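This is final_35.csv. It holds CSV, C-alpha atoms.
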chain,number,residue,atom,x,y,z
K,281,MET,CA,-20.5,3.5,5.5
K,282,ASN,CA,-18.4,5.4,8.0
K,283,LEU,CA,-19.0,6.4,11.6
K,284,ALA,CA,-16.8,8.9,13.4
K,285,TYR,CA,-17.0,10.3,17.0
K,286,HIS,CA,-14.7,13.0,18.4
K,287,ALA,CA,-14.8,14.1,22.0
K,288,VAL,CA,-12.9,16.9,23.8
K,289,LEU,CA,-12.6,15.4,27.3
K,290,THR,CA,-10.4,18.2,28.7
K,291,PRO,CA,-8.4,21.0,27.0
K,292,ALA,CA,-5.4,18.6,26.8
K,293,LEU,CA,-7.2,15.2,26.2
K,294,GLN,CA,-9.2,14.3,23.2
K,295,ALA,CA,-10.7,11.0,22.1
K,296,GLN,CA,-11.6,9.6,18.7
K,297,PHE,CA,-13.6,6.6,17.6
K,298,LYS,CA,-14.1,5.4,14.0
K,299,ALA,CA,-15.9,2.4,12.5
K,300,GLY,CA,-16.8,1.5,9.0
K,301,TYR,CA,-18.5,-1.1,6.8
K,302,ARG,CA,-17.3,-2.1,3.3
K,303,GLU,CA,-19.0,-4.5,1.0
K,304,TYR,CA,-17.7,-5.4,-2.5
K,305,ARG,CA,-19.4,-7.6,-5.1
K,306,ARG,CA,-17.6,-8.1,-8.4
K,307,ARG,CA,-18.8,-10.3,-11.3
K,308,PHE,CA,-16.7,-11.3,-14.3
K,309,ASP,CA,-18.3,-13.0,-17.4
K,310,ASN,CA,-16.0,-15.5,-19.2
K,311,ASP,CA,-15.9,-16.6,-22.8
K,312,ALA,CA,-14.0,-19.1,-24.9
K,313,TYR,CA,-11.7,-16.6,-26.5
K,314,PRO,CA,-9.7,-16.9,-28.7
K,315,PRO,CA,-11.5,-19.7,-30.5
K,316,SER,CA,-14.9,-18.0,-30.0
K,317,LEU,CA,-16.8,-15.5,-27.8
K,318,ALA,CA,-19.2,-18.2,-26.6
K,319,PRO,CA,-20.0,-17.7,-22.9
K,320,THR,CA,-18.3,-20.2,-20.5
K,321,GLY,CA,-19.7,-19.0,-17.2
K,322,SER,CA,-18.9,-16.3,-14.7
K,323,ASP,CA,-16.8,-15.6,-11.6
K,324,GLU,CA,-18.2,-13.7,-8.6
K,325,THR,CA,-16.2,-12.3,-5.7
K,326,TRP,CA,-17.7,-11.0,-2.5
K,327,GLN,CA,-15.8,-9.2,0.3
K,328,ARG,CA,-17.0,-7.7,3.6
K,329,ILE,CA,-14.6,-5.6,5.6
K,330,ILE,CA,-15.3,-3.9,9.0
K,331,PRO,CA,-12.5,-1.5,10.2
K,332,VAL,CA,-12.6,0.0,13.8
K,333,ASP,CA,-10.1,2.2,15.6
K,334,ALA,CA,-10.1,4.2,18.9
K,335,THR,CA,-7.4,6.8,19.8
K,336,LEU,CA,-6.6,9.0,22.8
K,337,ASN,CA,-4.5,12.2,22.2
K,338,PHE,CA,-2.9,14.0,25.1
K,339,THR,CA,-1.1,17.3,24.5
K,340,HIS,CA,1.6,18.3,27.1
K,341,GLY,CA,4.5,20.7,27.5
K,342,ASN,CA,5.6,22.8,24.6
K,343,GLY,CA,4.1,21.1,21.6
K,344,GLY,CA,4.3,17.6,23.0
K,345,LEU,CA,1.7,15.0,21.9
K,346,PHE,CA,1.2,11.5,23.3
K,347,THR,CA,-1.1,9.1,21.3
K,348,PHE,CA,-2.4,5.8,22.4
K,349,GLY,CA,-5.0,3.5,20.8
K,350,MET,CA,-6.1,0.3,19.1
K,351,ASP,CA,-7.4,-0.7,15.7
K,352,GLY,CA,-8.9,-3.8,14.2
K,353,GLN,CA,-10.2,-5.2,10.9
K,354,TRP,CA,-12.5,-8.1,10.2
K,355,LEU,CA,-12.7,-9.6,6.7
K,356,ASP,CA,-14.9,-12.2,5.1
K,357,TYR,CA,-14.0,-13.4,1.5
K,358,ARG,CA,-15.9,-15.7,-0.9
K,359,THR,CA,-15.7,-16.6,-4.6
K,360,VAL,CA,-18.3,-18.5,-6.6
K,361,LEU,CA,-17.8,-20.1,-10.1
K,362,THR,CA,-20.7,-20.5,-12.4
K,363,ASP,CA,-20.5,-22.7,-15.5
K,364,ALA,CA,-22.2,-22.1,-18.9
K,365,GLN,CA,-25.2,-24.2,-17.8
K,366,GLY,CA,-25.7,-22.0,-14.7
K,367,ALA,CA,-24.4,-24.5,-12.1
K,368,ALA,CA,-22.7,-22.6,-9.3
K,369,ARG,CA,-19.8,-23.9,-7.2
K,370,ARG,CA,-18.1,-22.4,-4.2
K,371,ASP,CA,-14.4,-21.9,-4.9
K,372,ASN,CA,-12.8,-19.9,-2.0
K,373,GLU,CA,-14.1,-19.1,1.5
K,374,SER,CA,-11.9,-17.5,4.1
K,375,SER,CA,-12.0,-15.0,6.9
K,376,ALA,CA,-9.3,-12.9,8.7
K,377,HIS,CA,-9.1,-10.5,11.6
K,378,SER,CA,-6.3,-8.1,12.7
K,379,LEU,CA,-5.9,-6.4,16.0
K,380,GLY,CA,-3.3,-3.9,17.0
K,381,TRP,CA,-2.3,-1.6,19.9
K,382,PHE,CA,-0.1,1.4,19.4
K,383,ALA,CA,1.5,4.2,21.4
K,384,GLN,CA,3.5,7.2,20.1
K,385,GLU,CA,5.3,10.2,21.7
K,386,LYS,CA,6.2,13.4,19.9
K,387,LEU,CA,8.3,16.0,21.6
K,388,GLN,CA,9.4,19.5,20.6
K,389,VAL,CA,12.8,20.4,22.2
K,390,ASN,CA,14.0,23.8,21.0
K,391,ASP,CA,14.6,23.4,17.3
K,392,TRP,CA,14.2,19.6,17.4
K,393,ILE,CA,11.0,17.6,16.8
K,394,LEU,CA,11.4,14.0,18.1
K,395,ARG,CA,9.1,11.1,17.6
K,396,ALA,CA,9.1,7.4,18.8
K,397,GLY,CA,6.4,4.8,18.7
K,398,LEU,CA,5.6,1.1,19.3
K,399,ARG,CA,2.9,-1.2,17.9
K,400,TYR,CA,1.8,-4.7,18.6
K,401,ASN,CA,-0.1,-6.4,15.8
K,402,ARG,CA,-1.7,-9.9,15.5
K,403,ILE,CA,-3.3,-11.3,12.4
K,404,GLU,CA,-5.3,-14.5,12.2
K,405,HIS,CA,-6.7,-16.4,9.1
K,406,ASP,CA,-9.4,-19.1,8.9
K,407,TYR,CA,-9.7,-21.1,5.7
K,408,SER,CA,-12.8,-23.1,4.8
K,409,LEU,CA,-12.3,-23.6,1.0
K,410,LEU,CA,-9.3,-22.9,-1.2
K,411,GLY,CA,-9.5,-23.7,-4.9
K,412,GLY,CA,-12.7,-25.6,-4.4
K,413,GLN,CA,-11.1,-27.9,-1.9
K,414,GLN,CA,-11.1,-28.1,1.9
K,415,PRO,CA,-7.5,-27.3,2.8
K,416,SER,CA,-5.4,-29.4,5.1
K,417,ILE,CA,-4.6,-26.2,7.1
K,418,THR,CA,-7.7,-24.4,8.4
K,419,ARG,CA,-6.1,-21.7,10.6
K,420,ALA,CA,-2.9,-19.7,10.9
K,421,SER,CA,-1.8,-16.7,12.9
K,422,TRP,CA,1.1,-14.3,13.2
K,423,GLU,CA,2.1,-11.6,15.6
K,424,LYS,CA,4.7,-8.9,15.6
K,425,THR,CA,6.0,-5.9,17.7
K,426,LEU,CA,6.9,-3.0,15.5
K,427,TRP,CA,8.7,0.3,16.2
K,428,ASN,CA,9.3,3.6,14.5
K,429,VAL,CA,11.5,6.7,15.3
K,430,GLY,CA,11.9,10.0,13.7
K,431,ALA,CA,13.5,13.4,14.1
K,432,ARG,CA,13.4,16.8,12.4
K,433,TYR,CA,15.9,19.7,13.1
K,434,ASN,CA,15.0,23.2,12.0
K,435,PHE,CA,18.2,25.0,11.3
K,436,SER,CA,16.3,28.1,10.4
K,437,PRO,CA,12.9,29.1,9.1
K,438,GLN,CA,14.2,28.2,5.7
K,439,TRP,CA,16.2,25.0,6.3
K,440,SER,CA,15.3,21.7,8.0
K,441,PHE,CA,16.7,18.2,8.2
K,442,TYR,CA,14.7,15.0,9.0
K,443,ALA,CA,15.4,11.3,9.4
K,444,ASN,CA,13.0,8.3,10.0
K,445,SER,CA,13.3,4.6,10.6
K,446,GLY,CA,10.7,2.0,11.2
K,447,THR,CA,9.6,-1.7,10.8
K,448,SER,CA,6.7,-3.4,9.3
K,449,PHE,CA,5.4,-6.9,8.4
K,450,MET,CA,3.1,-8.5,5.9
K,451,ALA,CA,1.3,-11.8,6.4
K,452,PRO,CA,1.3,-14.5,3.6
K,453,ALA,CA,-1.7,-15.0,1.4
K,454,ALA,CA,-4.3,-17.7,2.2
K,455,LYS,CA,-3.3,-20.1,-0.6
K,456,GLN,CA,0.4,-19.8,0.3
K,457,VAL,CA,-0.4,-21.2,3.8
K,458,GLY,CA,-3.3,-23.5,3.2
K,459,GLY,CA,-2.5,-24.6,-0.4
K,460,THR,CA,-5.0,-25.4,-3.1
K,461,LEU,CA,-4.6,-29.2,-3.3
K,462,PRO,CA,-7.1,-31.8,-2.1
K,463,ALA,CA,-6.0,-34.1,0.7
K,464,ALA,CA,-5.6,-37.0,-1.8
K,465,ALA,CA,-3.0,-35.1,-3.7
K,466,LEU,CA,-0.9,-34.5,-0.5
K,467,THR,CA,-0.7,-38.2,0.1
K,468,GLY,CA,0.3,-39.0,-3.5
K,469,ALA,CA,-3.0,-40.8,-4.3
K,470,LEU,CA,-4.0,-38.1,-6.8
K,471,ALA,CA,-2.0,-36.3,-9.4
K,472,TYR,CA,-3.4,-32.7,-9.1
K,473,PRO,CA,-1.8,-29.4,-10.1
K,474,GLY,CA,-1.8,-26.5,-7.6
K,475,GLN,CA,-0.1,-25.1,-4.5
K,476,LEU,CA,1.2,-27.2,-1.7
K,477,PRO,CA,0.4,-25.9,1.9
K,478,ASN,CA,3.1,-24.5,4.1
K,479,PRO,CA,1.7,-24.0,7.6
K,480,SER,CA,5.1,-22.9,9.0
K,481,LEU,CA,5.3,-20.0,6.5
K,482,GLY,CA,6.3,-16.8,8.3
K,483,PRO,CA,5.5,-13.2,7.5
K,484,GLU,CA,7.7,-10.8,5.5
K,485,SER,CA,9.5,-8.4,7.8
K,486,GLY,CA,10.3,-4.9,6.5
K,487,TRP,CA,12.7,-2.1,7.6
K,488,GLY,CA,12.4,1.3,6.1
K,489,ASN,CA,14.7,4.3,6.5
K,490,ASP,CA,14.9,7.8,4.9
K,491,CYS,CA,16.5,11.1,5.5
K,492,GLY,CA,16.3,14.4,3.7
K,493,VAL,CA,16.6,18.2,3.7
K,494,ASP,CA,13.9,20.8,3.0
K,495,TRP,CA,14.7,24.3,1.8
K,496,GLN,CA,12.0,27.0,1.5
K,497,PRO,CA,13.6,30.5,1.0
K,498,ASN,CA,10.2,32.1,0.6
K,499,GLU,CA,6.6,31.3,0.3
K,500,ARG,CA,6.8,30.9,-3.5
K,501,PHE,CA,9.6,28.3,-3.7
K,502,ALA,CA,10.3,25.0,-2.0
K,503,LEU,CA,13.0,22.3,-2.7
K,504,GLY,CA,13.4,18.9,-1.1
K,505,LEU,CA,15.9,16.1,-1.3
K,506,ARG,CA,15.3,12.7,0.2
K,507,LEU,CA,17.4,9.5,0.4
K,508,PHE,CA,15.8,6.2,1.2
K,509,TYR,CA,16.7,2.6,2.0
K,510,ASN,CA,14.1,-0.1,2.4
K,511,GLN,CA,14.7,-3.8,3.1
K,512,VAL,CA,12.4,-6.9,3.2
K,513,GLU,CA,13.7,-10.0,5.0
K,514,ASP,CA,12.1,-13.5,4.7
K,515,ALA,CA,10.5,-12.5,1.4
K,516,ILE,CA,7.9,-15.0,0.4
K,517,ILE,CA,8.8,-16.7,-3.0
K,518,ASP,CA,6.9,-19.4,-4.8
K,519,SER,CA,9.1,-22.3,-5.9
K,520,VAL,CA,8.3,-25.2,-8.3
K,521,VAL,CA,8.6,-28.6,-6.6
K,522,ASN,CA,6.9,-30.8,-9.3
K,523,THR,CA,6.5,-30.2,-13.0
K,524,SER,CA,4.1,-33.1,-13.8
K,525,PRO,CA,1.7,-32.2,-12.4
K,526,SER,CA,2.7,-28.6,-11.9
K,527,GLN,CA,3.0,-27.9,-8.1
K,528,THR,CA,4.5,-25.0,-6.3
K,529,ILE,CA,5.1,-24.2,-2.6
K,530,ALA,CA,5.8,-20.8,-0.9
K,531,ARG,CA,8.8,-20.4,1.2
K,532,ASN,CA,10.6,-17.7,3.2
K,533,ALA,CA,13.5,-17.9,0.9
K,534,GLY,CA,14.9,-14.5,0.1
K,535,SER,CA,15.3,-10.8,0.7
K,536,ALA,CA,14.7,-7.6,-1.3
K,537,THR,CA,16.2,-4.1,-1.0
K,538,ALA,CA,15.3,-0.8,-2.6
K,539,ARG,CA,17.5,2.3,-2.3
K,540,GLY,CA,17.4,5.6,-4.1
K,541,ALA,CA,16.8,9.3,-4.0
K,542,GLU,CA,14.0,11.8,-4.6
K,543,LEU,CA,14.2,15.4,-5.7
K,544,ASP,CA,11.0,17.6,-5.4
K,545,VAL,CA,10.5,21.2,-6.4
K,546,GLU,CA,7.5,23.4,-6.0
K,547,ARG,CA,7.2,26.9,-7.5
K,548,ARG,CA,4.4,29.5,-7.2
K,549,PHE,CA,4.9,31.8,-10.1
K,550,SER,CA,1.9,34.0,-9.2
K,551,ASP,CA,-1.3,33.9,-7.3
K,552,ARG,CA,-2.9,32.1,-10.3
K,553,LEU,CA,-0.1,29.8,-11.5
K,554,HIS,CA,1.5,27.0,-9.5
K,555,GLY,CA,4.0,24.3,-10.7
K,556,PHE,CA,5.8,21.3,-9.4
K,557,ALA,CA,8.4,18.7,-10.6
K,558,ASN,CA,9.9,15.6,-9.0
K,559,LEU,CA,12.4,13.0,-10.0
K,560,THR,CA,12.9,9.6,-8.3
K,561,TYR,CA,15.7,7.1,-8.8
K,562,THR,CA,15.3,3.6,-7.4
K,563,ALA,CA,17.8,0.7,-7.5
K,564,THR,CA,16.3,-2.7,-6.4
K,565,VAL,CA,17.7,-6.2,-5.9
K,566,VAL,CA,16.1,-9.6,-4.9
K,567,ARG,CA,18.2,-12.3,-3.2
K,568,ASN,CA,17.0,-15.9,-3.5
K,569,PRO,CA,20.0,-18.3,-3.1
K,570,ARG,CA,17.7,-21.3,-3.5
K,571,VAL,CA,16.8,-20.5,-7.1
K,572,ALA,CA,19.7,-19.1,-9.3
K,573,ASP,CA,17.2,-17.8,-11.8
K,574,GLN,CA,15.6,-15.5,-9.1
K,575,ASP,CA,18.8,-14.4,-7.4
K,576,ASP,CA,20.3,-10.9,-7.9
K,577,THR,CA,17.3,-9.7,-10.0
K,578,ALA,CA,15.1,-6.6,-9.8
K,579,ILE,CA,11.9,-6.2,-7.9
K,580,PRO,CA,9.0,-6.5,-10.4
K,581,PHE,CA,7.0,-3.4,-11.5
K,582,THR,CA,9.5,-1.0,-9.9
K,583,PRO,CA,10.8,1.6,-12.4
K,584,ASP,CA,14.4,2.7,-12.1
K,585,TRP,CA,13.4,6.3,-13.0
K,586,LEU,CA,10.1,8.1,-12.4
K,587,ALA,CA,9.5,11.8,-13.1
K,588,ASN,CA,6.5,14.1,-12.9
K,589,VAL,CA,6.0,17.8,-13.9
K,590,GLY,CA,2.8,19.7,-13.6
K,591,LEU,CA,1.2,23.1,-13.7
K,592,THR,CA,-2.1,24.4,-12.2
K,593,ALA,CA,-3.6,27.6,-13.4
K,594,ARG,CA,-6.6,29.5,-11.9
K,595,LEU,CA,-8.6,30.8,-14.9
K,596,PRO,CA,-11.2,33.5,-15.1
K,597,ARG,CA,-14.8,32.7,-14.2
K,598,ALA,CA,-13.9,30.3,-11.4
K,599,ALA,CA,-12.2,27.8,-13.6
K,600,THR,CA,-9.0,25.7,-12.9
K,601,LEU,CA,-6.8,24.0,-15.4
K,602,SER,CA,-4.3,21.3,-14.3
K,603,VAL,CA,-1.8,19.6,-16.6
K,604,ARG,CA,0.7,16.8,-15.6
K,605,TYR,CA,3.2,14.8,-17.5
K,606,ARG,CA,4.5,11.5,-16.0
K,607,TRP,CA,7.5,9.7,-17.4
K,608,ILE,CA,8.2,6.1,-16.4
K,609,GLY,CA,11.6,4.4,-16.8
K,610,LYS,CA,12.5,0.7,-17.2
K,611,TYR,CA,10.9,-2.1,-15.1
K,612,TYR,CA,10.3,-5.8,-15.3
K,613,ASP,CA,7.2,-7.9,-14.9
K,614,SER,CA,8.7,-10.9,-13.1
K,615,VAL,CA,11.5,-11.8,-10.6
K,616,SER,CA,12.6,-14.6,-13.0
K,617,ARG,CA,15.7,-13.6,-15.1
K,618,ALA,CA,14.8,-16.1,-17.8
K,619,GLY,CA,11.1,-15.5,-18.0
K,620,ARG,CA,10.7,-11.7,-17.4
K,621,GLU,CA,10.0,-9.0,-19.9
K,622,ALA,CA,11.1,-5.4,-19.8
K,623,PHE,CA,8.7,-2.5,-20.0
K,624,GLY,CA,8.8,1.3,-19.5
K,625,HIS,CA,10.4,4.3,-21.2
K,626,TYR,CA,7.0,5.9,-21.9
K,627,GLY,CA,5.1,9.0,-20.8
K,628,ILE,CA,1.5,9.8,-19.8
K,629,LEU,CA,-0.1,13.3,-20.2
K,630,ASP,CA,-3.1,14.2,-18.0
K,631,ALA,CA,-5.2,17.3,-18.0
K,632,ARG,CA,-8.2,18.4,-15.9
K,633,LEU,CA,-10.4,21.4,-16.5
K,634,GLN,CA,-12.8,22.3,-13.6
K,635,LYS,CA,-15.5,25.0,-13.6
K,636,SER,CA,-17.3,26.0,-10.4
K,637,LEU,CA,-20.9,26.5,-11.2
K,638,TYR,CA,-22.3,27.4,-7.8
K,639,ARG,CA,-20.9,27.7,-4.3
K,640,ASP,CA,-22.1,29.0,-0.9
K,641,ALA,CA,-21.5,28.1,2.7
K,642,GLU,CA,-23.5,24.9,2.5
K,643,ARG,CA,-23.5,23.8,-1.2
K,644,ALA,CA,-21.1,23.5,-4.1
K,645,LEU,CA,-21.6,22.4,-7.7
K,646,SER,CA,-18.8,22.0,-10.3
K,647,LEU,CA,-18.2,20.5,-13.7
K,648,THR,CA,-15.0,18.6,-14.4
K,649,LEU,CA,-13.4,17.4,-17.6
K,650,ASP,CA,-10.6,14.8,-17.5
K,651,LEU,CA,-8.4,14.1,-20.5
Could the structure of this file be written out as structure tokens, please?
Amino acid sequence: MNLAYHAVLTPALQAQFKAGYREYRRRFDNDAYPPSLAPTGSDETWQRIIPVDATLNFTHGNGGLFTFGMDGQWLDYRTVLTDAQGAARRDNESSAHSLGWFAQEKLQVNDWILRAGLRYNRIEHDYSLLGGQQPSITRASWEKTLWNVGARYNFSPQWSFYANSGTSFMAPAAKQVGGTLPAAALTGALAYPGQLPNPSLGPESGWGNDCGVDWQPNERFALGLRLFYNQVEDAIIDSVVNTSPSQTIARNAGSATARGAELDVERRFSDRLHGFANLTYTATVVRNPRVADQDDTAIPFTPDWLANVGLTARLPRAATLSVRYRWIGKYYDSVSRAGREAFGHYGILDARLQKSLYRDAERALSLTLDL
């Protein structure tokens, strides 16, 4: 459910308020595969998320815009395990809330468009159950002040240059902070596999940068080239501390970088035929001096090459046909050099045929076929 309110307070001042409610229930039935398909129980996950944000927009000068606001999210999370006899057991229970304040100024000075913003964000977690056990750590919180800047220069109506830079952060997962081991395992009285708690675990800090040039000689053709460099410090990496029983702990042990280039082309061949193509090259590296097997490796699930090409045609009788081919280059499934597997070098072809059956000012009905 979404609720949105927009008010024009003055010709230069506008206010917006939005709130929502999300509820998710997912159930997975389990079996004894591969020996048999005999039922062994089920897992049920429940989530409730309430997002809220309020924003004030003030226009000023020649195209200037000042934005000020706040946003928040409240989350409840619970999982329940049910065995083959129907006995249910609570496995995970946690809650979290996030609150942020932000301000941004955008100015237009001759052929320049300048932007700068600040954001303060605080995230707090509460843990009741993790892995069926009451964790030794029941609460953790993190706060961060973030910034972003950007600029665009219009050389002419056809040429423009832009550059952006900004920071971000990501809080650790619940089990990385609170662990999944019972209290007896932490004192050595019980041999139990799982994750050790780390209450001093800090968030990952990100820094993203890009710059590029756009060229649009006419309304039928556009070409863009973008270079990017992204870096994550204090990357959270799980390390094995015991092998019998198997126990791990999460530490702020490494860093990761991704740099590359993107080329994007759009072409309108006629009023009825439009095409696009793009190509992205990404080089990634993970640094983890604590573990040689995870040092100087690639970020998992990040292809080195990614390409897309597509066409959209407007057909007679209010029909539209869209075809796209995506090619994915090489990537790995793990940060471990010894245990990872390589994937990629394959393509995916998609097609969509859409026929409009009825349309007026208030209603629309269409039929869509996806292949």
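The neighbours of K:Ala618 here are the residues that come within 7 Å of it, using all atoms listed in the file and leaving out any residue fewer than 2 positions away in the same chain; they are Asp573, Ser616 and Arg620 of chain K.
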Report, in Å with one decimal, the straight-line distance from atom CA of K:Asp333 to atom CA of K:Arg399.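 Going from atom CA of K:Asp333 over to atom CA of K:Arg399 covers 13.6 Å.
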Any idea what the distance is between atom CA of K:Arg307 and atom CA of K:Thr359? 9.7 Å
Around the point (12.0, -4.6, -8.6) in the file's coordinates, collect all residues with an atom within 9 Å, using all atoms listed in the file, and return them as number ranges by chain. K: 536-538, 562-566, 577-584, 611-615
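For the residues K:Pro473, K:Pro415, K:Gly534, K:Gly430, ranking by smallest atom-to-atom distance to K:Val457 using only C-alpha atoms places K:Pro415 first.
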Nearby residues (only C-alpha atoms) at most 10 Å from stretch 310-323 of chain K, same-chain spacing under 5 positions excluded, as a PyMOL selection string: chain K and resi 359-369+371
At most 9 Å is the cut-off: for each residue in stretch 560-643 of chain K with any atom that close to an atom of stretch 528-533 of chain K, write down the nearest atom pair and the distance in Å rounded to one decimal, counting all atoms listed in the file, chain first then increasing number, as a tab-separated table.
residue	atom	partner	partner_atom	distance
K:Arg567	CA	K:Ala533	CA	8.4
K:Asn568	CA	K:Ala533	CA	6.0
K:Pro569	CA	K:Ala533	CA	7.6
K:Arg570	CA	K:Ala533	CA	7.0
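When atom CA of K:Phe382 is paired with atom CA of K:Val288, their separation reads 20.6 Å.
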Fill-in result for stretch 432-455 of chain K, N, CA and C atoms as a compact mmCIF listing (two decimals), in the frame of the given file:
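This went into out_17.txt:
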# COMPACT_ATOMS: atom_id res chain seq x y z
N ARG K 432 13.31 15.67 13.35
CA ARG K 432 13.40 16.80 12.40
C ARG K 432 14.14 17.94 13.18
N TYR K 433 15.13 18.54 12.51
CA TYR K 433 15.90 19.70 13.10
C TYR K 433 15.70 20.87 12.19
N ASN K 434 15.19 21.95 12.75
CA ASN K 434 15.00 23.20 12.00
C ASN K 434 16.20 24.10 12.19
N PHE K 435 17.09 24.12 11.19
CA PHE K 435 18.20 25.00 11.30
C PHE K 435 17.82 26.46 11.31
N SER K 436 16.79 26.78 10.55
CA SER K 436 16.30 28.10 10.40
C SER K 436 14.87 28.06 9.89
N PRO K 437 14.18 29.17 9.76
CA PRO K 437 12.90 29.10 9.10
C PRO K 437 12.88 28.61 7.69
N GLN K 438 14.06 28.62 7.06
CA GLN K 438 14.20 28.20 5.70
C GLN K 438 14.70 26.77 5.50
N TRP K 439 15.54 26.31 6.44
CA TRP K 439 16.20 25.00 6.30
C TRP K 439 15.78 24.06 7.40
N SER K 440 15.56 22.78 7.02
CA SER K 440 15.30 21.70 8.00
C SER K 440 15.79 20.41 7.52
N PHE K 441 16.16 19.54 8.46
CA PHE K 441 16.70 18.20 8.20
C PHE K 441 15.81 17.20 8.92
N TYR K 442 15.56 16.03 8.31
CA TYR K 442 14.70 15.00 9.00
C TYR K 442 15.31 13.62 8.68
N ALA K 443 14.97 12.68 9.56
CA ALA K 443 15.40 11.30 9.40
C ALA K 443 14.31 10.41 10.07
N ASN K 444 14.00 9.26 9.46
CA ASN K 444 13.00 8.30 10.00
C ASN K 444 13.47 6.91 9.81
N SER K 445 13.01 6.04 10.71
CA SER K 445 13.30 4.60 10.60
C SER K 445 12.14 3.86 11.26
N GLY K 446 11.75 2.73 10.67
CA GLY K 446 10.70 2.00 11.20
C GLY K 446 10.57 0.58 10.63
N THR K 447 9.79 -0.29 11.28
CA THR K 447 9.60 -1.70 10.80
C THR K 447 8.18 -1.94 10.46
N SER K 448 7.99 -3.01 9.69
CA SER K 448 6.70 -3.40 9.30
C SER K 448 6.66 -4.91 9.01
N PHE K 449 5.48 -5.48 8.76
CA PHE K 449 5.40 -6.90 8.40
C PHE K 449 4.16 -7.12 7.55
N MET K 450 4.19 -8.17 6.72
CA MET K 450 3.10 -8.50 5.90
C MET K 450 2.83 -10.03 5.96
N ALA K 451 1.61 -10.42 6.30
CA ALA K 451 1.30 -11.80 6.40
C ALA K 451 1.16 -12.49 5.05
N PRO K 452 1.42 -13.78 4.93
CA PRO K 452 1.30 -14.50 3.60
C PRO K 452 -0.15 -14.58 3.20
N ALA K 453 -0.35 -14.86 1.92
CA ALA K 453 -1.70 -15.00 1.40
C ALA K 453 -2.27 -16.36 1.80
N ALA K 454 -3.60 -16.47 1.69
CA ALA K 454 -4.30 -17.70 2.20
C ALA K 454 -3.81 -18.92 1.43
N LYS K 455 -3.70 -18.86 0.10
CA LYS K 455 -3.30 -20.10 -0.60
C LYS K 455 -1.87 -20.46 -0.39
